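Below: the structure, in structure tokens.
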Amino acid sequence: MSESCKKVYITTPIYYVNDVPHIGHAYTTIIADTLARYSRMVGYDVFFLTGTDEHGQKIEQAAKARGKSPQEYADEISARFKDLWDEFEISYDKFIRTTDEDHMKGVQKAFEVMYDNGDIYKDVYRGNYCVSCETFFTETQLVDDEFCPECGRSTTVVEEESYFFRLSKYQDKLLEWYESQPDCILPKAKRNEVINFVKNGLDDLSITRTSFDWGVKLPEKIGDPKHVMYVWLDALMNYVTALGYGTDEAKMDYWPAKIHLIGKDILRFHAIYWPAFLMSLGLELPQHIGAHGWWTRNGEKMSKSKGNVVDPKEIADAYGLENFRYFMLREVPFGQDGDFSQRALIDRINSDLGNDLGNLLNRIIGMSGKYFDFAVKSEGVKTHHAAEFEEAEAIFRQVEPYLYEVQTNRYLEELWKTLRIANKAIDTGMPWAKMKEGKEDEAMATIALVANILAKVAVLLHPFMPKTTDKIARALGFAISTESYVKLVKEGGLLGDFTIEKIPPLFPRIEEPLVATPAEKAEAVKEEKKSEAKAKQKAAKAAAPKEESGANLITIDQFFQVQLKVGTVVEAEEVPKSKKLLRLQVDLGEEKPRQIVAGIKEWYGPQDLVNTQVCVVANLKPAKLMGMISEGMILAAKDDEGLCLVRPEKPRKPGSAIG
Ligand code: MSP
């Protein structure tokens, strides 16, 4: 970034309110926060934006499932994001919600501008529609050219009136942009993926829907009230409506964004649709779009159904927020996936923070106290340790670009190199020996060299670990600010004469994981549920009337028309491309196992089922799901907390009748 560019605009994606915050959201937000803090520290005028994405069919559905209005539901989840960011002391300047009035006005304004300049036209959208999921799918998303990737049901080709954005018109201009700004997409390797995609041709984009209601209406002037805007048009516009686009444009001078931080899954929306919209609006393009990788658990994607989602608050509470921040930004090269484990986090805390940084500070506190009553003078550093000082300075001088390229791991690695220089200087300088030899100046110079390196590291590490580094600075007799940044880092200056303050160790050693694993937690929940269910059963028994009466009763003969049998699952596998279905082979004591396709994937994995018993409705008419015959139904119970299978209490022979 050039010196003259004083305004710095940094954004996170706006998070969907159909899920509560997890480690992936925390990661993007923490990277953005670190860049914002750094930019402020060096003296730039920063605007840091985050928020929530609240429109669309999914959110409408999620609200409905909970018996809430979309607005009520969005208010609730949006507040969870905001509360977490506040608790994490995320230094955002604005928290935008796509249900904010001025945002919606801004989106309508943008629609009008694009419409007026001929980039929007009305046509018919043809797509494969799943009635059950109320969603269109492209041909490539369908399973076996016909079935819904979500629920497995057959889709139908439906035509819907829609407004289209002339994305195809911008293909060449987009390619020119990628060529002329080689670092517009970070990491740079990701740029080629986008270029290849665009080179394959861009279709115009359907940007309105009539199949649901929960969205921004088209501008009145267009006079088509049954349409609402496509969520991605609505959502992407947040980056400019937050600055007042279309309403009070006072903050538009922060535009263009320095960087939009996002996850790799939403790169195409940001690297193709967004710049094309901006070109159509006549606005400048962002300087960078930074796409990070995914956090996984044991190499697997995190998902609620697998029970492997990492709760960032739980981890931050147990290990310390700033240690967690350091870990996330140090552990994974930007753009690559990273596996979260408490072991890796503990190792980083004990080794990088405890041994390398914390111990170095302790050594300095100890020696300065013992030999000089904590009073340190920096004047001898350049005479006795010129080489080490210059080696460290060279690193401090060239470390900033790593940060703006979002290579936070490289940036931190570089800082840690200077800690090694400092540690080595103590080992070779041996202040204790120098003191014995009466060479007090040399002992003092070594201690001062280390203290000065630590001070510069504290400044440069401040955006990552604000409170911890404030403590380090206080121990070294200064405060972190733009002035100290300029003096110590920019100008390569020294602390001068100062008094060291003794502080308690910053990174106490951690031996064992501090948070129960999902399996341990699941076991505890199971136990709790068991005893709750027992208590409920007891209460229901006591309260039940002696005889049932009324309608809806069936005779015993009717009941016996349903054949219920015990079955043993002999094979189980996930149905590719389906979020819900598992394909089971269930032994019902017949000649060969029956194939049963069950919508239980959200709650059970194949490994939970093989060699276990289930209860099966055995005389159901076979049905076709995702093109596969299903020859029975598995009994399960579902309530607010999810679904659980109904199973025989003790193993029974496959095919045993239930009655
Ligand atoms: N609402 C859209 C963004 C609109 S921006 C104009 C959206 N929201 S999201 O809540 O689903 O995801 C937000 C971000 O979280 C994405 O950048 C996504 O990559 C990130 N992550 C979600 N799960 C993740 C991991 N497990 N690991 C890392 N980040 C992931 O997309």
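FYI, nothing fancy with the structure tokens labels: chains A, B, ... in order, residues from 1 per chain, ligands from 1 as they appear.
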
Surrounding residues as a VMD selection string, ligand 1, max 7 Å, only C-alpha atoms and all ligand atoms: chain A and resid 13 to 16 23 to 25 27 to 28 53 232 235 to 236 238 262 to 266 293 to 296 301 to 302

Please provide as a VMD selection string all residues within 10 Å of region 112-128 of chain A, with the sequence filter that same-chain residues fewer than 5 positions apart are discarded (counting only C-alpha atoms). chain A and resid 106 to 107 135 to 139 141 to 142 145 to 148 154 to 167 169 204 to 209 218 to 222 246 277 to 282

Compile the contact shell of Gln613 (chain A) as a VMD selection string: residues with an atom at most 10 Å away, counting only C-alpha atoms, same-chain residues fewer than 3 positions apart removed. chain A and resid 566 to 570 586 to 587 609 to 610 616 645 to 654

How would the residues just chosen look if you wrote them out with all heavy atoms as a short mmCIF file (atom, residue, chain, number, x, y, z; two decimals), in the first residue's frame?
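Output file part.cif is given in full below:
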```cif
data_model
loop_
_atom_site.label_atom_id
_atom_site.label_comp_id
_atom_site.auth_asym_id
_atom_site.auth_seq_id
_atom_site.Cartn_x
_atom_site.Cartn_y
_atom_site.Cartn_z
N VAL A 566 -37.60 -56.36 13.21
CA VAL A 566 -36.24 -55.98 13.61
C VAL A 566 -35.31 -56.30 12.44
O VAL A 566 -35.44 -57.36 11.82
CB VAL A 566 -35.80 -56.77 14.86
CG1 VAL A 566 -34.33 -56.52 15.16
CG2 VAL A 566 -36.67 -56.41 16.04
N GLY A 567 -34.42 -55.39 12.11
CA GLY A 567 -33.46 -55.64 11.05
C GLY A 567 -32.04 -55.30 11.52
O GLY A 567 -31.87 -54.46 12.41
N THR A 568 -31.06 -55.96 10.91
CA THR A 568 -29.66 -55.62 11.22
C THR A 568 -29.06 -54.92 10.01
O THR A 568 -29.15 -55.43 8.88
CB THR A 568 -28.85 -56.90 11.53
OG1 THR A 568 -29.47 -57.55 12.61
CG2 THR A 568 -27.41 -56.57 11.88
N VAL A 569 -28.47 -53.76 10.26
CA VAL A 569 -27.85 -53.03 9.15
C VAL A 569 -26.53 -53.72 8.82
O VAL A 569 -25.64 -53.82 9.66
CB VAL A 569 -27.58 -51.56 9.54
CG1 VAL A 569 -26.95 -50.80 8.38
CG2 VAL A 569 -28.87 -50.89 10.01
N VAL A 570 -26.43 -54.22 7.60
CA VAL A 570 -25.18 -54.90 7.24
C VAL A 570 -24.25 -54.01 6.43
O VAL A 570 -23.04 -54.19 6.43
CB VAL A 570 -25.46 -56.24 6.50
CG1 VAL A 570 -26.00 -57.27 7.45
CG2 VAL A 570 -26.40 -56.04 5.33
N VAL A 586 -30.29 -53.79 4.81
CA VAL A 586 -30.77 -54.23 6.11
C VAL A 586 -31.21 -55.69 6.03
O VAL A 586 -32.05 -56.06 5.18
CB VAL A 586 -31.95 -53.35 6.57
CG1 VAL A 586 -32.39 -53.75 7.97
CG2 VAL A 586 -31.54 -51.88 6.55
N ASP A 587 -30.63 -56.49 6.90
CA ASP A 587 -30.98 -57.92 6.94
C ASP A 587 -32.27 -58.09 7.74
O ASP A 587 -32.31 -57.82 8.94
CB ASP A 587 -29.81 -58.67 7.60
CG ASP A 587 -30.10 -60.16 7.70
OD1 ASP A 587 -31.16 -60.60 7.21
OD2 ASP A 587 -29.26 -60.88 8.31
N LEU A 609 -24.08 -47.07 12.10
CA LEU A 609 -25.21 -47.94 11.80
C LEU A 609 -24.83 -49.39 11.52
O LEU A 609 -25.57 -50.32 11.89
CB LEU A 609 -25.96 -47.39 10.57
CG LEU A 609 -26.59 -46.01 10.83
CD1 LEU A 609 -27.01 -45.37 9.53
CD2 LEU A 609 -27.78 -46.14 11.76
N VAL A 610 -23.68 -49.57 10.86
CA VAL A 610 -23.32 -50.94 10.47
C VAL A 610 -23.22 -51.82 11.72
O VAL A 610 -22.66 -51.41 12.74
CB VAL A 610 -21.98 -50.94 9.69
CG1 VAL A 610 -21.55 -52.36 9.35
CG2 VAL A 610 -22.15 -50.13 8.41
N VAL A 616 -38.03 -51.76 11.38
CA VAL A 616 -38.34 -51.46 9.99
C VAL A 616 -39.83 -51.70 9.71
O VAL A 616 -40.39 -52.70 10.17
CB VAL A 616 -37.50 -52.39 9.07
CG1 VAL A 616 -37.84 -52.16 7.61
CG2 VAL A 616 -36.02 -52.16 9.32
N LEU A 645 -32.97 -42.98 16.28
CA LEU A 645 -33.59 -44.20 15.79
C LEU A 645 -34.27 -44.95 16.92
O LEU A 645 -33.82 -44.91 18.07
CB LEU A 645 -32.51 -45.09 15.16
CG LEU A 645 -31.91 -44.54 13.86
CD1 LEU A 645 -30.77 -45.42 13.41
CD2 LEU A 645 -32.98 -44.46 12.78
N VAL A 646 -35.34 -45.65 16.56
CA VAL A 646 -35.99 -46.53 17.53
C VAL A 646 -35.34 -47.90 17.34
O VAL A 646 -35.33 -48.43 16.23
CB VAL A 646 -37.50 -46.61 17.23
CG1 VAL A 646 -38.17 -47.59 18.17
CG2 VAL A 646 -38.12 -45.23 17.32
N ARG A 647 -34.74 -48.43 18.41
CA ARG A 647 -34.00 -49.69 18.25
C ARG A 647 -34.45 -50.69 19.30
O ARG A 647 -34.85 -50.27 20.39
CB ARG A 647 -32.50 -49.46 18.46
CG ARG A 647 -31.84 -48.47 17.52
CD ARG A 647 -30.40 -48.37 17.96
NE ARG A 647 -29.58 -47.41 17.26
CZ ARG A 647 -28.95 -47.65 16.12
NH1 ARG A 647 -29.09 -48.82 15.52
NH2 ARG A 647 -28.18 -46.74 15.59
N PRO A 648 -34.36 -52.02 19.03
CA PRO A 648 -34.70 -52.99 20.09
C PRO A 648 -33.73 -52.82 21.27
O PRO A 648 -32.54 -52.54 21.06
CB PRO A 648 -34.51 -54.35 19.41
CG PRO A 648 -33.81 -54.09 18.15
CD PRO A 648 -33.94 -52.65 17.80
N GLU A 649 -34.23 -52.97 22.42
CA GLU A 649 -33.37 -52.75 23.59
C GLU A 649 -32.25 -53.78 23.68
O GLU A 649 -31.14 -53.48 24.10
CB GLU A 649 -34.26 -52.80 24.84
CG GLU A 649 -33.56 -52.38 26.09
CD GLU A 649 -34.26 -52.92 27.32
OE1 GLU A 649 -35.28 -53.61 27.19
OE2 GLU A 649 -33.75 -52.67 28.41
N LYS A 650 -32.61 -55.06 23.27
CA LYS A 650 -31.56 -56.09 23.22
C LYS A 650 -31.54 -56.65 21.81
O LYS A 650 -32.58 -56.63 21.14
CB LYS A 650 -31.92 -57.23 24.18
CG LYS A 650 -31.80 -56.83 25.62
CD LYS A 650 -32.07 -58.01 26.51
CE LYS A 650 -32.18 -57.54 27.94
NZ LYS A 650 -33.13 -58.32 28.73
N PRO A 651 -30.43 -57.19 21.36
CA PRO A 651 -30.40 -57.72 19.99
C PRO A 651 -31.45 -58.82 19.80
O PRO A 651 -31.66 -59.63 20.72
CB PRO A 651 -28.99 -58.31 19.86
CG PRO A 651 -28.21 -57.72 20.97
CD PRO A 651 -29.17 -57.35 22.06
N ARG A 652 -32.14 -58.81 18.70
CA ARG A 652 -33.11 -59.86 18.33
C ARG A 652 -32.72 -60.40 16.97
O ARG A 652 -32.02 -59.73 16.19
CB ARG A 652 -34.53 -59.29 18.25
CG ARG A 652 -35.14 -58.78 19.56
CD ARG A 652 -35.50 -59.90 20.49
NE ARG A 652 -34.39 -60.13 21.41
CZ ARG A 652 -34.53 -60.69 22.61
NH1 ARG A 652 -35.70 -61.15 23.02
NH2 ARG A 652 -33.49 -60.87 23.38
N LYS A 653 -33.23 -61.61 16.67
CA LYS A 653 -32.90 -62.19 15.36
C LYS A 653 -33.43 -61.29 14.25
O LYS A 653 -34.57 -60.79 14.36
CB LYS A 653 -33.61 -63.54 15.23
CG LYS A 653 -32.76 -64.68 15.66
CD LYS A 653 -33.36 -65.97 15.16
CE LYS A 653 -33.01 -67.09 16.10
NZ LYS A 653 -34.13 -67.77 16.67
N PRO A 654 -32.65 -61.06 13.15
CA PRO A 654 -33.18 -60.25 12.05
C PRO A 654 -34.52 -60.82 11.58
O PRO A 654 -34.67 -62.04 11.44
CB PRO A 654 -32.12 -60.39 10.96
CG PRO A 654 -30.87 -60.75 11.70
CD PRO A 654 -31.29 -61.53 12.90
#
```

Taking 2 positions as the minimum chain separation for residues in the same chain, which residues sit within 10 Å of Phe374 (chain A) when counting only C-alpha atoms? Answer as a ChimeraX atom specification. /A:364-372,376-377,476,498-502

Residue nearest Arg363 (chain A) - candidates A:Met328, A:Ala448, A:Val399, A:Ile59, atoms counted: only C-alpha atoms: A:Ala448

What lies within 12 Å of Met237 (chain A) using only C-alpha atoms, ignoring chain neighbours under 6 positions off, as a PyMOL selection string? chain A and resi 13-14+53+96-98+102-111+216+229-231+243-246+269-270+273-278+281+283

Would you list the contacts of Pro401 (chain A) as a PyMOL selection string, taking every protein, DNA or RNA residue within 12 Å and counting only C-alpha atoms, but skipping same-chain residues closer than 3 positions in sequence? chain A and resi 1-2+35+38+395-398+404-408+410-411+414

Apply DSSP to the backbone of this structure and, from region 175-296 of chain A, keep only the residues in strand (DSSP E); write these as a list in words. Ile185, Leu186, Leu205, Ser206, Thr208, Arg209, Val228, Met229, Ile259, His260, Leu261, Ile262, Gly263, His288, Ile289, Gly290, Ala291, His292, Trp295 and Thr296 of chain A

Nearest-residue call for Val450 (chain A), choices A:Glu400, A:Glu413, A:Asp19, A:Glu388, using only C-alpha atoms: A:Glu388

Provide the CA of Ala65 (chain A) to CA of Leu84 (chain A) distance in Å, to one decimal place. 24.3 Å

If you run DSSP on the backbone, which residues of region 231-289 of chain A are helix (DSSP H, G or I), as a PDB file with N, CA and C atoms, in the first residue's frame?
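Result written to result-v1.pdb:
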```
ATOM      1  N   VAL A 231     -30.455 -13.101  -3.520  1.00  0.00           N
ATOM      2  CA  VAL A 231     -29.706 -12.774  -2.306  1.00  0.00           C
ATOM      3  C   VAL A 231     -28.278 -12.326  -2.537  1.00  0.00           C
ATOM      4  N   TRP A 232     -27.635 -12.851  -3.565  1.00  0.00           N
ATOM      5  CA  TRP A 232     -26.233 -12.460  -3.726  1.00  0.00           C
ATOM      6  C   TRP A 232     -26.079 -11.022  -4.236  1.00  0.00           C
ATOM      7  N   LEU A 233     -27.063 -10.561  -5.032  1.00  0.00           N
ATOM      8  CA  LEU A 233     -27.015  -9.154  -5.443  1.00  0.00           C
ATOM      9  C   LEU A 233     -27.207  -8.282  -4.194  1.00  0.00           C
ATOM     10  N   ASP A 234     -28.214  -8.639  -3.433  1.00  0.00           N
ATOM     11  CA  ASP A 234     -28.514  -7.941  -2.177  1.00  0.00           C
ATOM     12  C   ASP A 234     -27.280  -7.947  -1.252  1.00  0.00           C
ATOM     13  N   ALA A 235     -26.683  -9.136  -1.078  1.00  0.00           N
ATOM     14  CA  ALA A 235     -25.598  -9.278  -0.095  1.00  0.00           C
ATOM     15  C   ALA A 235     -24.332  -8.550  -0.537  1.00  0.00           C
ATOM     16  N   LEU A 236     -23.939  -8.725  -1.795  1.00  0.00           N
ATOM     17  CA  LEU A 236     -22.676  -8.116  -2.228  1.00  0.00           C
ATOM     18  C   LEU A 236     -22.731  -6.591  -2.145  1.00  0.00           C
ATOM     19  N   ASN A 238     -23.755  -4.884   0.050  1.00  0.00           N
ATOM     20  CA  ASN A 238     -23.520  -4.375   1.413  1.00  0.00           C
ATOM     21  C   ASN A 238     -22.194  -3.619   1.524  1.00  0.00           C
ATOM     22  N   TYR A 239     -21.229  -4.043   0.673  1.00  0.00           N
ATOM     23  CA  TYR A 239     -19.909  -3.436   0.791  1.00  0.00           C
ATOM     24  C   TYR A 239     -19.932  -1.943   0.441  1.00  0.00           C
ATOM     25  N   VAL A 240     -20.898  -1.548  -0.399  1.00  0.00           N
ATOM     26  CA  VAL A 240     -20.988  -0.102  -0.674  1.00  0.00           C
ATOM     27  C   VAL A 240     -22.149   0.567   0.069  1.00  0.00           C
ATOM     28  N   THR A 241     -23.232  -0.186   0.317  1.00  0.00           N
ATOM     29  CA  THR A 241     -24.333   0.479   1.044  1.00  0.00           C
ATOM     30  C   THR A 241     -23.879   0.829   2.462  1.00  0.00           C
ATOM     31  N   GLU A 249     -24.098   9.486   1.083  1.00  0.00           N
ATOM     32  CA  GLU A 249     -22.850   8.919   0.550  1.00  0.00           C
ATOM     33  C   GLU A 249     -21.583   9.478   1.199  1.00  0.00           C
ATOM     34  N   ALA A 250     -21.718  10.028   2.395  1.00  0.00           N
ATOM     35  CA  ALA A 250     -20.589  10.715   3.032  1.00  0.00           C
ATOM     36  C   ALA A 250     -19.351   9.823   3.161  1.00  0.00           C
ATOM     37  N   LYS A 251     -19.563   8.544   3.414  1.00  0.00           N
ATOM     38  CA  LYS A 251     -18.396   7.687   3.650  1.00  0.00           C
ATOM     39  C   LYS A 251     -17.888   7.008   2.383  1.00  0.00           C
ATOM     40  N   MET A 252     -18.483   7.337   1.239  1.00  0.00           N
ATOM     41  CA  MET A 252     -18.058   6.652   0.014  1.00  0.00           C
ATOM     42  C   MET A 252     -16.586   6.904  -0.324  1.00  0.00           C
ATOM     43  N   ASP A 253     -15.955   7.878   0.368  1.00  0.00           N
ATOM     44  CA  ASP A 253     -14.537   8.102   0.055  1.00  0.00           C
ATOM     45  C   ASP A 253     -13.640   6.995   0.630  1.00  0.00           C
ATOM     46  N   TYR A 254     -14.242   6.062   1.395  1.00  0.00           N
ATOM     47  CA  TYR A 254     -13.444   4.890   1.789  1.00  0.00           C
ATOM     48  C   TYR A 254     -13.347   3.884   0.641  1.00  0.00           C
ATOM     49  N   LYS A 264     -12.886 -19.492   0.625  1.00  0.00           N
ATOM     50  CA  LYS A 264     -12.708 -19.876  -0.785  1.00  0.00           C
ATOM     51  C   LYS A 264     -14.019 -20.289  -1.448  1.00  0.00           C
ATOM     52  N   ASP A 265     -15.003 -20.721  -0.646  1.00  0.00           N
ATOM     53  CA  ASP A 265     -16.270 -21.176  -1.220  1.00  0.00           C
ATOM     54  C   ASP A 265     -17.073 -20.042  -1.850  1.00  0.00           C
ATOM     55  N   ILE A 266     -16.766 -18.811  -1.482  1.00  0.00           N
ATOM     56  CA  ILE A 266     -17.561 -17.717  -2.059  1.00  0.00           C
ATOM     57  C   ILE A 266     -16.692 -16.796  -2.924  1.00  0.00           C
ATOM     58  N   LEU A 267     -15.594 -17.384  -3.431  1.00  0.00           N
ATOM     59  CA  LEU A 267     -14.684 -16.582  -4.261  1.00  0.00           C
ATOM     60  C   LEU A 267     -15.334 -16.145  -5.570  1.00  0.00           C
ATOM     61  N   ARG A 268     -16.047 -17.075  -6.222  1.00  0.00           N
ATOM     62  CA  ARG A 268     -16.622 -16.714  -7.533  1.00  0.00           C
ATOM     63  C   ARG A 268     -17.591 -15.549  -7.432  1.00  0.00           C
ATOM     64  N   PHE A 269     -18.377 -15.535  -6.370  1.00  0.00           N
ATOM     65  CA  PHE A 269     -19.333 -14.438  -6.215  1.00  0.00           C
ATOM     66  C   PHE A 269     -18.578 -13.107  -6.104  1.00  0.00           C
ATOM     67  N   HIS A 270     -17.450 -13.164  -5.379  1.00  0.00           N
ATOM     68  CA  HIS A 270     -16.706 -11.924  -5.138  1.00  0.00           C
ATOM     69  C   HIS A 270     -15.774 -11.549  -6.286  1.00  0.00           C
ATOM     70  N   ALA A 271     -15.264 -12.549  -6.979  1.00  0.00           N
ATOM     71  CA  ALA A 271     -14.260 -12.243  -8.004  1.00  0.00           C
ATOM     72  C   ALA A 271     -14.880 -12.108  -9.387  1.00  0.00           C
ATOM     73  N   ILE A 272     -16.143 -12.520  -9.544  1.00  0.00           N
ATOM     74  CA  ILE A 272     -16.789 -12.414 -10.859  1.00  0.00           C
ATOM     75  C   ILE A 272     -18.027 -11.503 -10.788  1.00  0.00           C
ATOM     76  N   TYR A 273     -19.012 -11.904  -9.991  1.00  0.00           N
ATOM     77  CA  TYR A 273     -20.249 -11.105  -9.968  1.00  0.00           C
ATOM     78  C   TYR A 273     -19.983  -9.684  -9.447  1.00  0.00           C
ATOM     79  N   TRP A 274     -19.272  -9.622  -8.325  1.00  0.00           N
ATOM     80  CA  TRP A 274     -19.108  -8.332  -7.645  1.00  0.00           C
ATOM     81  C   TRP A 274     -18.396  -7.306  -8.522  1.00  0.00           C
ATOM     82  N   PRO A 275     -17.211  -7.648  -9.111  1.00  0.00           N
ATOM     83  CA  PRO A 275     -16.588  -6.639  -9.981  1.00  0.00           C
ATOM     84  C   PRO A 275     -17.461  -6.294 -11.182  1.00  0.00           C
ATOM     85  N   ALA A 276     -18.225  -7.273 -11.693  1.00  0.00           N
ATOM     86  CA  ALA A 276     -19.082  -6.961 -12.842  1.00  0.00           C
ATOM     87  C   ALA A 276     -20.178  -5.973 -12.414  1.00  0.00           C
ATOM     88  N   PHE A 277     -20.775  -6.188 -11.248  1.00  0.00           N
ATOM     89  CA  PHE A 277     -21.780  -5.236 -10.755  1.00  0.00           C
ATOM     90  C   PHE A 277     -21.158  -3.844 -10.615  1.00  0.00           C
ATOM     91  N   LEU A 278     -19.944  -3.836 -10.043  1.00  0.00           N
ATOM     92  CA  LEU A 278     -19.289  -2.541  -9.816  1.00  0.00           C
ATOM     93  C   LEU A 278     -19.007  -1.826 -11.138  1.00  0.00           C
ATOM     94  N   MET A 279     -18.567  -2.594 -12.127  1.00  0.00           N
ATOM     95  CA  MET A 279     -18.300  -1.975 -13.436  1.00  0.00           C
ATOM     96  C   MET A 279     -19.588  -1.377 -13.975  1.00  0.00           C
ATOM     97  N   SER A 280     -20.671  -2.124 -13.815  1.00  0.00           N
ATOM     98  CA  SER A 280     -21.951  -1.624 -14.317  1.00  0.00           C
ATOM     99  C   SER A 280     -22.368  -0.342 -13.586  1.00  0.00           C
ATOM    100  N   LEU A 281     -22.016  -0.269 -12.299  1.00  0.00           N
ATOM    101  CA  LEU A 281     -22.391   0.910 -11.504  1.00  0.00           C
ATOM    102  C   LEU A 281     -21.416   2.069 -11.691  1.00  0.00           C
TER     103      LEU A 281
END
```

What's the separation between CA of Ala79 (chain A) and CA of Phe95 (chain A), in Å to one decimal place?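 Distance between the two atoms: 10.4 Å.
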
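Distance-wise, CA of Phe340 (chain A) and CA of Glu300 (chain A) end up 10.2 Å apart.
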